[in-house]
>>> print(open('my_file_8.pdb').read())   # PDB, C-alpha atoms, pLDDT in the B column
ATOM      1  CA  MET X 543     -89.999  99.596  10.269  1.00 30.00           C
ATOM      2  CA  LYS X 544     -91.151 103.169  10.774  1.00 34.00           C
ATOM      3  CA  ALA X 545     -94.486 104.004   9.214  1.00 35.00           C
ATOM      4  CA  THR X 546     -94.505 107.078   6.991  1.00 42.00           C
ATOM      5  CA  GLY X 547     -97.927 106.900   5.395  1.00 44.00           C
ATOM      6  CA  ARG X 548     -96.372 106.967   1.933  1.00 63.00           C
ATOM      7  CA  CYS X 549     -97.647 104.236  -0.382  1.00 67.00           C
ATOM      8  CA  MET X 550     -95.233 101.753  -1.895  1.00 76.00           C
ATOM      9  CA  PRO X 551     -95.323 102.178  -5.698  1.00 86.00           C
ATOM     10  CA  GLN X 552     -96.767  99.230  -7.571  1.00 92.00           C
ATOM     11  CA  VAL X 553     -93.908  97.812  -9.654  1.00 97.00           C
ATOM     12  CA  THR X 554     -94.025  95.003 -12.194  1.00 97.00           C
ATOM     13  CA  SER X 555     -90.848  93.703 -13.756  1.00 98.00           C
ATOM     14  CA  GLY X 556     -89.357  91.669 -16.562  1.00 98.00           C
ATOM     15  CA  SER X 557     -85.815  90.296 -16.659  1.00 98.00           C
ATOM     16  CA  LEU X 558     -83.530  88.250 -18.874  1.00 98.00           C
ATOM     17  CA  SER X 559     -79.827  87.513 -19.267  1.00 98.00           C
ATOM     18  CA  ILE X 560     -78.183  85.670 -22.171  1.00 98.00           C
ATOM     19  CA  THR X 561     -74.651  84.602 -23.023  1.00 96.00           C
ATOM     20  CA  GLY X 562     -74.825  86.168 -26.493  1.00 95.00           C
ATOM     21  CA  ASN X 563     -73.071  85.215 -29.721  1.00 91.00           C
ATOM     22  CA  PHE X 564     -69.456  85.912 -28.793  1.00 88.00           C
ATOM     23  CA  ARG X 565     -68.937  84.484 -25.290  1.00 90.00           C
ATOM     24  CA  ASP X 566     -68.738  80.927 -23.972  1.00 90.00           C
ATOM     25  CA  ASN X 567     -70.165  81.744 -20.560  1.00 93.00           C
ATOM     26  CA  ASN X 568     -72.377  84.348 -18.924  1.00 96.00           C
ATOM     27  CA  GLU X 569     -70.624  86.629 -16.428  1.00 97.00           C
ATOM     28  CA  ASP X 570     -73.759  88.753 -15.903  1.00 98.00           C
ATOM     29  CA  LYS X 571     -76.090  88.283 -12.947  1.00 98.00           C
ATOM     30  CA  PHE X 572     -79.320  89.984 -11.876  1.00 98.00           C
ATOM     31  CA  HIS X 573     -81.658  89.870  -8.915  1.00 98.00           C
ATOM     32  CA  VAL X 574     -85.302  90.814  -8.414  1.00 98.00           C
ATOM     33  CA  ASP X 575     -86.261  91.038  -4.753  1.00 98.00           C
ATOM     34  CA  PRO X 576     -89.439  88.977  -4.240  1.00 96.00           C
ATOM     35  CA  LEU X 577     -90.924  91.813  -2.179  1.00 96.00           C
ATOM     36  CA  GLY X 578     -90.111  94.437  -4.815  1.00 96.00           C
ATOM     37  CA  ARG X 579     -87.739  96.376  -2.534  1.00 97.00           C
ATOM     38  CA  PHE X 580     -84.650  96.311  -4.747  1.00 98.00           C
ATOM     39  CA  PHE X 581     -83.417  95.281  -8.193  1.00 98.00           C
ATOM     40  CA  LEU X 582     -79.794  94.583  -9.195  1.00 98.00           C
ATOM     41  CA  VAL X 583     -77.750  93.922 -12.345  1.00 98.00           C
ATOM     42  CA  ALA X 584     -74.035  92.998 -12.278  1.00 98.00           C
ATOM     43  CA  ASP X 585     -71.552  92.424 -15.106  1.00 98.00           C
ATOM     44  CA  GLY X 586     -68.471  90.438 -14.090  1.00 97.00           C
ATOM     45  CA  MET X 587     -64.950  90.862 -15.466  1.00 94.00           C
ATOM     46  CA  GLY X 588     -61.613  89.120 -15.231  1.00 88.00           C
ATOM     47  CA  GLY X 589     -61.957  85.895 -17.171  1.00 76.00           C
ATOM     48  CA  GLN X 590     -64.416  83.051 -17.225  1.00 70.00           C
ATOM     49  CA  SER X 591     -64.587  81.806 -13.622  1.00 86.00           C
ATOM     50  CA  ALA X 592     -63.397  85.105 -12.141  1.00 95.00           C
ATOM     51  CA  GLY X 593     -66.078  87.275 -13.755  1.00 96.00           C
ATOM     52  CA  GLU X 594     -68.810  84.846 -12.843  1.00 96.00           C
ATOM     53  CA  LYS X 595     -67.595  84.705  -9.249  1.00 97.00           C
ATOM     54  CA  ALA X 596     -67.376  88.498  -8.904  1.00 98.00           C
ATOM     55  CA  SER X 597     -70.891  89.191 -10.205  1.00 98.00           C
ATOM     56  CA  GLU X 598     -72.302  86.327  -8.144  1.00 98.00           C
ATOM     57  CA  MET X 599     -70.660  87.709  -4.993  1.00 98.00           C
ATOM     58  CA  ALA X 600     -71.895  91.239  -5.712  1.00 98.00           C
ATOM     59  CA  ILE X 601     -75.499  90.136  -6.120  1.00 98.00           C
ATOM     60  CA  GLU X 602     -75.457  87.834  -3.097  1.00 98.00           C
ATOM     61  CA  LEU X 603     -73.620  90.160  -0.707  1.00 98.00           C
ATOM     62  CA  VAL X 604     -75.385  93.378  -1.678  1.00 98.00           C
ATOM     63  CA  SER X 605     -78.798  91.689  -1.500  1.00 98.00           C
ATOM     64  CA  ARG X 606     -78.044  90.321   1.953  1.00 98.00           C
ATOM     65  CA  GLN X 607     -76.777  93.656   3.274  1.00 98.00           C
ATOM     66  CA  LEU X 608     -79.695  95.624   1.813  1.00 98.00           C
ATOM     67  CA  GLU X 609     -82.121  93.300   3.571  1.00 98.00           C
ATOM     68  CA  LYS X 610     -80.249  93.794   6.855  1.00 97.00           C
ATOM     69  CA  GLN X 611     -79.363  97.481   6.714  1.00 97.00           C
ATOM     70  CA  VAL X 612     -82.032  99.386   4.760  1.00 98.00           C
ATOM     71  CA  ASP X 613     -85.216 100.567   6.457  1.00 97.00           C
ATOM     72  CA  PHE X 614     -87.433 100.498   3.377  1.00 97.00           C
ATOM     73  CA  ALA X 615     -90.104 102.582   5.126  1.00 96.00           C
ATOM     74  CA  SER X 616     -87.715 105.266   6.340  1.00 94.00           C
ATOM     75  CA  SER X 617     -88.144 108.870   5.248  1.00 95.00           C
ATOM     76  CA  ASP X 618     -84.503 109.531   6.215  1.00 98.00           C
ATOM     77  CA  HIS X 619     -83.070 109.407   2.712  1.00 97.00           C
ATOM     78  CA  ASP X 620     -79.520 110.089   3.889  1.00 97.00           C
ATOM     79  CA  ALA X 621     -79.724 106.969   6.042  1.00 98.00           C
ATOM     80  CA  VAL X 622     -81.004 104.928   3.098  1.00 98.00           C
ATOM     81  CA  VAL X 623     -78.130 106.139   0.898  1.00 98.00           C
ATOM     82  CA  ALA X 624     -75.630 105.363   3.675  1.00 98.00           C
ATOM     83  CA  ALA X 625     -77.046 101.833   3.993  1.00 98.00           C
ATOM     84  CA  ILE X 626     -76.855 101.289   0.216  1.00 98.00           C
ATOM     85  CA  ASP X 627     -73.291 102.577   0.109  1.00 98.00           C
ATOM     86  CA  GLY X 628     -72.404 100.367   3.053  1.00 98.00           C
ATOM     87  CA  ALA X 629     -73.792  97.302   1.285  1.00 98.00           C
ATOM     88  CA  VAL X 630     -71.791  98.053  -1.865  1.00 98.00           C
ATOM     89  CA  ALA X 631     -68.616  98.820   0.107  1.00 98.00           C
ATOM     90  CA  HIS X 632     -68.986  95.514   1.962  1.00 98.00           C
ATOM     91  CA  ALA X 633     -69.260  93.588  -1.309  1.00 98.00           C
ATOM     92  CA  ASN X 634     -66.290  95.486  -2.731  1.00 98.00           C
ATOM     93  CA  ALA X 635     -64.130  94.599   0.270  1.00 98.00           C
ATOM     94  CA  GLU X 636     -65.068  90.911   0.071  1.00 98.00           C
ATOM     95  CA  ILE X 637     -64.338  90.746  -3.673  1.00 98.00           C
ATOM     96  CA  LEU X 638     -60.973  92.469  -3.143  1.00 97.00           C
ATOM     97  CA  ALA X 639     -60.092  90.097  -0.311  1.00 97.00           C
ATOM     98  CA  LEU X 640     -60.865  86.947  -2.299  1.00 97.00           C
ATOM     99  CA  ALA X 641     -58.947  88.270  -5.309  1.00 95.00           C
ATOM    100  CA  GLN X 642     -55.875  88.705  -3.124  1.00 93.00           C
ATOM    101  CA  ILE X 643     -55.859  85.199  -1.662  1.00 95.00           C
ATOM    102  CA  GLU X 644     -57.136  83.105  -4.593  1.00 94.00           C
ATOM    103  CA  PRO X 645     -54.875  83.207  -7.698  1.00 92.00           C
ATOM    104  CA  ARG X 646     -57.595  82.225 -10.184  1.00 92.00           C
ATOM    105  CA  PHE X 647     -59.674  85.221  -9.061  1.00 95.00           C
ATOM    106  CA  HIS X 648     -56.727  87.642  -9.068  1.00 91.00           C
ATOM    107  CA  ASN X 649     -58.124  90.045 -11.687  1.00 90.00           C
ATOM    108  CA  MET X 650     -61.823  89.686 -10.967  1.00 96.00           C
ATOM    109  CA  GLY X 651     -64.244  92.573 -10.718  1.00 97.00           C
ATOM    110  CA  THR X 652     -67.800  93.488 -11.532  1.00 98.00           C
ATOM    111  CA  THR X 653     -70.071  96.395 -12.267  1.00 98.00           C
ATOM    112  CA  LEU X 654     -73.270  96.853 -10.307  1.00 98.00           C
ATOM    113  CA  VAL X 655     -76.396  98.944 -10.847  1.00 98.00           C
ATOM    114  CA  PHE X 656     -79.451  99.047  -8.634  1.00 98.00           C
ATOM    115  CA  VAL X 657     -82.855 100.491  -7.978  1.00 98.00           C
ATOM    116  CA  VAL X 658     -83.805 100.443  -4.292  1.00 98.00           C
ATOM    117  CA  VAL X 659     -87.384 101.345  -3.326  1.00 98.00           C
ATOM    118  CA  ALA X 660     -87.742 103.127   0.034  1.00 97.00           C
ATOM    119  CA  ASP X 661     -90.346 105.573   1.353  1.00 96.00           C
ATOM    120  CA  GLY X 662     -92.081 105.470  -2.019  1.00 95.00           C
ATOM    121  CA  HIS X 663     -88.928 106.757  -3.736  1.00 97.00           C
ATOM    122  CA  PHE X 664     -86.526 105.090  -6.157  1.00 98.00           C
ATOM    123  CA  PHE X 665     -82.807 105.222  -5.354  1.00 98.00           C
ATOM    124  CA  ALA X 666     -80.974 104.526  -8.630  1.00 98.00           C
ATOM    125  CA  GLY X 667     -77.205 104.259  -8.875  1.00 98.00           C
ATOM    126  CA  GLY X 668     -74.228 102.024  -9.384  1.00 97.00           C
ATOM    127  CA  VAL X 669     -70.533 101.447  -9.961  1.00 98.00           C
ATOM    128  CA  GLY X 670     -68.975 100.708 -13.350  1.00 96.00           C
ATOM    129  CA  ASP X 671     -70.557 101.058 -16.789  1.00 95.00           C
ATOM    130  CA  SER X 672     -73.793  99.132 -16.457  1.00 98.00           C
ATOM    131  CA  ARG X 673     -76.653 101.617 -16.599  1.00 98.00           C
ATOM    132  CA  VAL X 674     -80.056 102.639 -15.277  1.00 98.00           C
ATOM    133  CA  TYR X 675     -82.424 104.542 -17.590  1.00 98.00           C
ATOM    134  CA  ARG X 676     -85.840 106.077 -17.016  1.00 98.00           C
ATOM    135  CA  LEU X 677     -88.450 106.660 -19.689  1.00 98.00           C
ATOM    136  CA  GLN X 678     -90.939 109.297 -18.528  1.00 97.00           C
ATOM    137  CA  ASN X 679     -93.531 110.879 -20.825  1.00 96.00           C
ATOM    138  CA  GLY X 680     -91.656 109.593 -23.862  1.00 96.00           C
ATOM    139  CA  SER X 681     -88.311 111.085 -22.788  1.00 98.00           C
ATOM    140  CA  LEU X 682     -85.300 108.874 -21.975  1.00 98.00           C
ATOM    141  CA  GLU X 683     -82.837 109.822 -19.232  1.00 98.00           C
ATOM    142  CA  GLN X 684     -79.694 107.973 -18.198  1.00 98.00           C
ATOM    143  CA  LEU X 685     -79.699 108.013 -14.391  1.00 98.00           C
ATOM    144  CA  THR X 686     -76.193 106.630 -13.860  1.00 97.00           C
ATOM    145  CA  THR X 687     -72.776 107.827 -15.001  1.00 94.00           C
ATOM    146  CA  ASP X 688     -70.297 105.404 -16.580  1.00 94.00           C
ATOM    147  CA  HIS X 689     -67.100 105.021 -14.560  1.00 93.00           C
ATOM    148  CA  SER X 690     -65.075 104.553 -17.752  1.00 86.00           C
ATOM    149  CA  LEU X 691     -62.018 106.333 -19.112  1.00 86.00           C
ATOM    150  CA  THR X 692     -64.026 107.378 -22.154  1.00 86.00           C
ATOM    151  CA  GLN X 693     -66.659 109.051 -19.969  1.00 84.00           C
ATOM    152  CA  ALA X 694     -63.888 110.832 -18.056  1.00 80.00           C
ATOM    153  CA  LEU X 695     -62.505 112.143 -21.358  1.00 88.00           C
ATOM    154  CA  LEU X 696     -66.007 113.245 -22.349  1.00 82.00           C
ATOM    155  CA  ASP X 697     -66.470 115.035 -19.044  1.00 80.00           C
ATOM    156  CA  ALA X 698     -63.160 116.814 -19.619  1.00 87.00           C
ATOM    157  CA  GLN X 699     -64.326 117.718 -23.155  1.00 85.00           C
ATOM    158  CA  THR X 700     -61.220 116.059 -24.563  1.00 88.00           C
ATOM    159  CA  ILE X 701     -63.277 113.995 -26.994  1.00 84.00           C
ATOM    160  CA  THR X 702     -66.690 114.428 -28.627  1.00 86.00           C
ATOM    161  CA  PRO X 703     -69.738 112.180 -28.082  1.00 82.00           C
ATOM    162  CA  GLU X 704     -69.247 110.875 -31.627  1.00 79.00           C
ATOM    163  CA  GLU X 705     -65.628 109.942 -30.884  1.00 80.00           C
ATOM    164  CA  ALA X 706     -66.700 108.286 -27.623  1.00 78.00           C
ATOM    165  CA  GLU X 707     -68.860 105.751 -29.468  1.00 76.00           C
ATOM    166  CA  THR X 708     -65.797 104.013 -30.944  1.00 77.00           C
ATOM    167  CA  HIS X 709     -63.066 105.148 -28.558  1.00 75.00           C
ATOM    168  CA  ARG X 710     -60.440 102.541 -27.629  1.00 76.00           C
ATOM    169  CA  TYR X 711     -60.979 103.165 -23.897  1.00 71.00           C
ATOM    170  CA  ARG X 712     -64.757 102.813 -24.140  1.00 73.00           C
ATOM    171  CA  ASN X 713     -64.798  99.627 -22.038  1.00 77.00           C
ATOM    172  CA  VAL X 714     -61.900 100.473 -19.709  1.00 83.00           C
ATOM    173  CA  LEU X 715     -63.202 101.170 -16.204  1.00 94.00           C
ATOM    174  CA  TYR X 716     -61.526 103.147 -13.437  1.00 92.00           C
ATOM    175  CA  ARG X 717     -64.154 102.196 -10.827  1.00 95.00           C
ATOM    176  CA  TYR X 718     -65.843  98.847 -10.283  1.00 97.00           C
ATOM    177  CA  LEU X 719     -66.387  96.356  -7.477  1.00 98.00           C
ATOM    178  CA  GLY X 720     -63.004  94.757  -6.940  1.00 97.00           C
ATOM    179  CA  SER X 721     -61.088  98.040  -7.306  1.00 96.00           C
ATOM    180  CA  LYS X 722     -59.760 100.242  -4.514  1.00 94.00           C
ATOM    181  CA  GLU X 723     -62.271 102.934  -5.483  1.00 95.00           C
ATOM    182  CA  GLY X 724     -65.193 100.502  -5.751  1.00 96.00           C
ATOM    183  CA  GLY X 725     -66.480 101.231  -2.253  1.00 95.00           C
ATOM    184  CA  ASP X 726     -66.265 105.026  -2.427  1.00 95.00           C
ATOM    185  CA  GLY X 727     -70.016 105.607  -2.752  1.00 94.00           C
ATOM    186  CA  THR X 728     -72.712 105.152  -5.368  1.00 96.00           C
ATOM    187  CA  THR X 729     -74.222 108.687  -5.505  1.00 94.00           C
ATOM    188  CA  PRO X 730     -77.734 107.410  -6.245  1.00 97.00           C
ATOM    189  CA  ARG X 731     -80.375 109.574  -7.866  1.00 98.00           C
ATOM    190  CA  ILE X 732     -83.423 109.857  -5.604  1.00 98.00           C
ATOM    191  CA  LEU X 733     -86.637 109.975  -7.616  1.00 97.00           C
ATOM    192  CA  MET X 734     -90.345 110.031  -6.957  1.00 97.00           C
ATOM    193  CA  PRO X 735     -91.666 107.571  -9.555  1.00 97.00           C
ATOM    194  CA  ALA X 736     -94.880 108.437 -11.381  1.00 96.00           C
ATOM    195  CA  PRO X 737     -97.457 106.032 -12.802  1.00 96.00           C
ATOM    196  CA  GLY X 738     -96.385 105.112 -16.321  1.00 96.00           C
ATOM    197  CA  ASP X 739     -92.659 105.534 -15.641  1.00 98.00           C
ATOM    198  CA  ARG X 740     -90.494 102.758 -17.022  1.00 98.00           C
ATOM    199  CA  PHE X 741     -86.987 101.942 -15.813  1.00 98.00           C
ATOM    200  CA  LEU X 742     -84.291  99.861 -17.506  1.00 98.00           C
ATOM    201  CA  LEU X 743     -81.314  98.353 -15.695  1.00 99.00           C
ATOM    202  CA  CYS X 744     -78.833  96.811 -18.111  1.00 98.00           C
ATOM    203  CA  SER X 745     -75.293  95.563 -18.604  1.00 98.00           C
ATOM    204  CA  ASP X 746     -73.193  97.118 -21.344  1.00 96.00           C
ATOM    205  CA  GLY X 747     -74.110  94.190 -23.545  1.00 97.00           C
ATOM    206  CA  VAL X 748     -77.342  96.080 -24.238  1.00 98.00           C
ATOM    207  CA  THR X 749     -75.714  99.417 -25.043  1.00 95.00           C
ATOM    208  CA  ASP X 750     -73.033  97.663 -27.111  1.00 93.00           C
ATOM    209  CA  GLY X 751     -75.767  96.569 -29.523  1.00 96.00           C
ATOM    210  CA  ILE X 752     -78.366  99.372 -29.538  1.00 97.00           C
ATOM    211  CA  ASP X 753     -78.272 103.141 -29.106  1.00 95.00           C
ATOM    212  CA  ASP X 754     -80.422 105.397 -26.937  1.00 96.00           C
ATOM    213  CA  ASP X 755     -82.892 106.105 -29.763  1.00 97.00           C
ATOM    214  CA  THR X 756     -83.554 102.382 -30.139  1.00 98.00           C
ATOM    215  CA  ILE X 757     -83.858 101.961 -26.375  1.00 98.00           C
ATOM    216  CA  THR X 758     -86.401 104.802 -26.298  1.00 98.00           C
ATOM    217  CA  ARG X 759     -88.434 103.290 -29.124  1.00 98.00           C
ATOM    218  CA  LEU X 760     -88.465  99.849 -27.506  1.00 98.00           C
ATOM    219  CA  LEU X 761     -89.341 101.118 -24.039  1.00 98.00           C
ATOM    220  CA  ALA X 762     -92.196 103.168 -25.477  1.00 97.00           C
ATOM    221  CA  GLY X 763     -93.567 100.444 -27.713  1.00 92.00           C
ATOM    222  CA  GLU X 764     -94.247  97.275 -25.723  1.00 89.00           C
ATOM    223  CA  ALA X 765     -96.782  96.930 -22.923  1.00 91.00           C
ATOM    224  CA  ASP X 766     -95.648  93.783 -21.101  1.00 96.00           C
ATOM    225  CA  PRO X 767     -92.338  94.233 -19.231  1.00 98.00           C
ATOM    226  CA  GLN X 768     -91.186  90.642 -19.761  1.00 98.00           C
ATOM    227  CA  SER X 769     -91.898  90.747 -23.493  1.00 98.00           C
ATOM    228  CA  LEU X 770     -90.184  94.128 -23.628  1.00 98.00           C
ATOM    229  CA  THR X 771     -87.091  92.751 -21.884  1.00 98.00           C
ATOM    230  CA  GLU X 772     -86.909  89.940 -24.420  1.00 98.00           C
ATOM    231  CA  SER X 773     -87.251  92.451 -27.275  1.00 98.00           C
ATOM    232  CA  ILE X 774     -84.405  94.586 -25.861  1.00 98.00           C
ATOM    233  CA  ILE X 775     -82.148  91.545 -25.552  1.00 98.00           C
ATOM    234  CA  ALA X 776     -82.984  90.380 -29.095  1.00 98.00           C
ATOM    235  CA  ALA X 777     -82.366  93.849 -30.542  1.00 98.00           C
ATOM    236  CA  ALA X 778     -78.977  94.141 -28.814  1.00 98.00           C
ATOM    237  CA  GLU X 779     -77.971  90.678 -29.966  1.00 97.00           C
ATOM    238  CA  SER X 780     -78.970  91.314 -33.595  1.00 97.00           C
ATOM    239  CA  GLY X 781     -77.367  94.776 -33.335  1.00 97.00           C
ATOM    240  CA  GLY X 782     -73.946  93.186 -32.958  1.00 95.00           C
ATOM    241  CA  SER X 783     -73.371  93.149 -29.196  1.00 96.00           C
ATOM    242  CA  LYS X 784     -70.207  91.213 -28.452  1.00 93.00           C
ATOM    243  CA  ASP X 785     -70.839  90.706 -24.739  1.00 94.00           C
ATOM    244  CA  ASN X 786     -73.252  88.962 -22.410  1.00 97.00           C
ATOM    245  CA  ILE X 787     -76.566  90.812 -22.520  1.00 98.00           C
ATOM    246  CA  SER X 788     -78.762  91.454 -19.468  1.00 98.00           C
ATOM    247  CA  ALA X 789     -81.793  93.688 -18.989  1.00 98.00           C
ATOM    248  CA  LEU X 790     -84.277  94.279 -16.194  1.00 98.00           C
ATOM    249  CA  VAL X 791     -87.374  96.436 -16.846  1.00 98.00           C
ATOM    250  CA  LEU X 792     -89.485  98.034 -14.112  1.00 98.00           C
ATOM    251  CA  ASP X 793     -92.966  99.412 -14.783  1.00 98.00           C
ATOM    252  CA  VAL X 794     -94.517 101.779 -12.262  1.00 97.00           C
ATOM    253  CA  GLY X 795     -98.270 101.357 -11.856  1.00 93.00           C
ATOM    254  CA  ASP X 796    -100.927 103.442 -10.089  1.00 76.00           C
TER     255      ASP X 796
END
>>> encode(input="my_file_8.pdb", output="structure tokens")
Amino acid sequence: MKATGRCMPQVTSGSLSITGNFRDNNEDKFHVDPLGRFFLVADGMGGQSAGEKASEMAIELVSRQLEKQVDFASSDHDAVVAAIDGAVAHANAEILALAQIEPRFHNMGTTLVFVVVADGHFFAGGVGDSRVYRLQNGSLEQLTTDHSLTQALLDAQTITPEEAETHRYRNVLYRYLGSKEGGDGTTPRILMPAPGDRFLLCSDGVTDGIDDDTITRLLAGEADPQSLTESIIAAAESGGSKDNISALVLDVGD
């Protein structure tokens, strides 16, 4: 690896995934790199075994490619983004290929969100409608854009934010891993994390049960990231989430 002299941010994390009250199995998967270089959350779709297989493949394949392709000390951010996009495109191609040859996986797909740490920066992005948030100085920002039909209608100003909350296409995706467009790039946000920043990676099981105001309050109110993750999951579950629920919290230290 090339030395840059930039310090790796100190990151502590908490993570949890549950089946929830309305599903028989958990199609969500997450991964925390033991060396703190990357963090992933995936939400599978396509039926019981298919969704589980798609999210499992996304986590396994993207993790493996990130380890091989990303120079985590590189100051060439374009190269880091290209390596991330290559890892996601590789997973997308493999998921598409298996879906074509194995009938029981015919309709499988998965979302994926990530935070990759390179050159002291966070690269946050994804495909689908799982999300990455940052809480900084008490202010919450969604760092990813949902690849859903409802978000496309919002972007076109065809519907209002209030209408989007209950819109019939709210959970219909036009981009995900396992779709033709799934490997077209992740457009990550590149951020310099500051001490005290808190990041949340989550499946839509979280946002199905709690709104951004509740997420802000929870992220601002609990010190330990693992306890906080458990509180987020519990709030989403009691808030009526009808999906699997997964959350991964990152705390940036000094």
>>> residues_around(input="my_file_8.pdb", residues="Gln684 in chain X", least_positions_apart="3", cutoff="8 Å", atoms="only C-alpha atoms", output="PyMOL selection string")
chain X and resi 673-676+687
>>> write_last_selection(input="my_file_8.pdb", atoms="C-alpha atoms", output="compact mmCIF listing (two decimals), keeping the file's coordinate frame")
# COMPACT_ATOMS: atom_id res chain seq x y z
CA ARG X 673 -76.65 101.62 -16.60
CA VAL X 674 -80.06 102.64 -15.28
CA TYR X 675 -82.42 104.54 -17.59
CA ARG X 676 -85.84 106.08 -17.02
CA THR X 687 -72.78 107.83 -15.00
>>> closest_residue(input="my_file_8.pdb", among="X:Ser557, X:Ser591, X:Gly667, X:Met550", to="Ala615 in chain X", atoms="all atoms listed in the file")
X:Met550
>>> atom_distance(input="my_file_8.pdb", atom1="CA of Thr729 in chain X", atom2="CA of His648 in chain X")
27.6 Å
>>> resolve_selection(input="my_file_8.pdb", expression="the PyMOL selection byres ((chain X and resi 735) around 9)", output="list in words")
Pro551, Gly662, His663, Phe664, Leu733, Met734, Ala736, Pro737, Gly738, Asp739, Arg740 and Val794 of chain X
>>> closest_atom_pairs(input="my_file_8.pdb", of="range 581-698 of chain X", to="range 711-726 of chain X", cutoff="7 Å", atoms="only C-alpha atoms", output="Markdown table")
| residue | atom | partner | partner_atom | distance |
| --- | --- | --- | --- | --- |
| X:Val630 | CA | X:Gly725 | CA | 6.2 |
| X:Ala631 | CA | X:Gly725 | CA | 4.0 |
| X:Asn634 | CA | X:Leu719 | CA | 4.8 |
| X:Ile637 | CA | X:Gly720 | CA | 5.3 |
| X:Leu638 | CA | X:Gly720 | CA | 4.9 |
| X:Met650 | CA | X:Gly720 | CA | 6.6 |
| X:Gly651 | CA | X:Gly720 | CA | 4.5 |
| X:Thr652 | CA | X:Leu719 | CA | 5.2 |
| X:Thr653 | CA | X:Tyr718 | CA | 5.3 |
| X:Val669 | CA | X:Tyr718 | CA | 5.4 |
| X:Gly670 | CA | X:Tyr718 | CA | 4.8 |
| X:His689 | CA | X:Arg717 | CA | 5.5 |
| X:Ser690 | CA | X:Leu715 | CA | 4.2 |
| X:Leu691 | CA | X:Tyr711 | CA | 5.8 |
| X:Thr692 | CA | X:Arg712 | CA | 5.0 |
>>> atom_distance(input="my_file_8.pdb", atom1="CA of Ala635 in chain X", atom2="CA of Val583 in chain X")
18.6 Å
>>> residues_around(input="my_file_8.pdb", residues="range 759-773 of chain X", least_positions_apart="5", cutoff="10 Å", atoms="all atoms listed in the file", output="list in words")
Thr554, Ser555, Gly556, Ser557, Leu558, Ser559, Ile560, Arg676, Leu677, Gln678, Asn679, Gly680, Ser681, Leu682, Arg740, Phe741, Leu742, Cys744, Asp754, Ala778, Glu779, Ser788, Ala789, Leu790, Val791, Leu792 and Asp793 of chain X
>>> resolve_selection(input="my_file_8.pdb", expression="the PyMOL selection byres ((chain X and resi 567-571) around 12)", output="ChimeraX atom specification")
/X:557-566,572-574,581-602,650-655,672,743-748,784-790
>>> atom_distance(input="my_file_8.pdb", atom1="CA of Glu683 in chain X", atom2="CA of Asp755 in chain X")
11.2 Å
>>> closest_residue(input="my_file_8.pdb", among="X:Ile757, X:Asp575, X:Val658, X:Thr728", to="Asp613 in chain X", atoms="all atoms listed in the file")
X:Val658
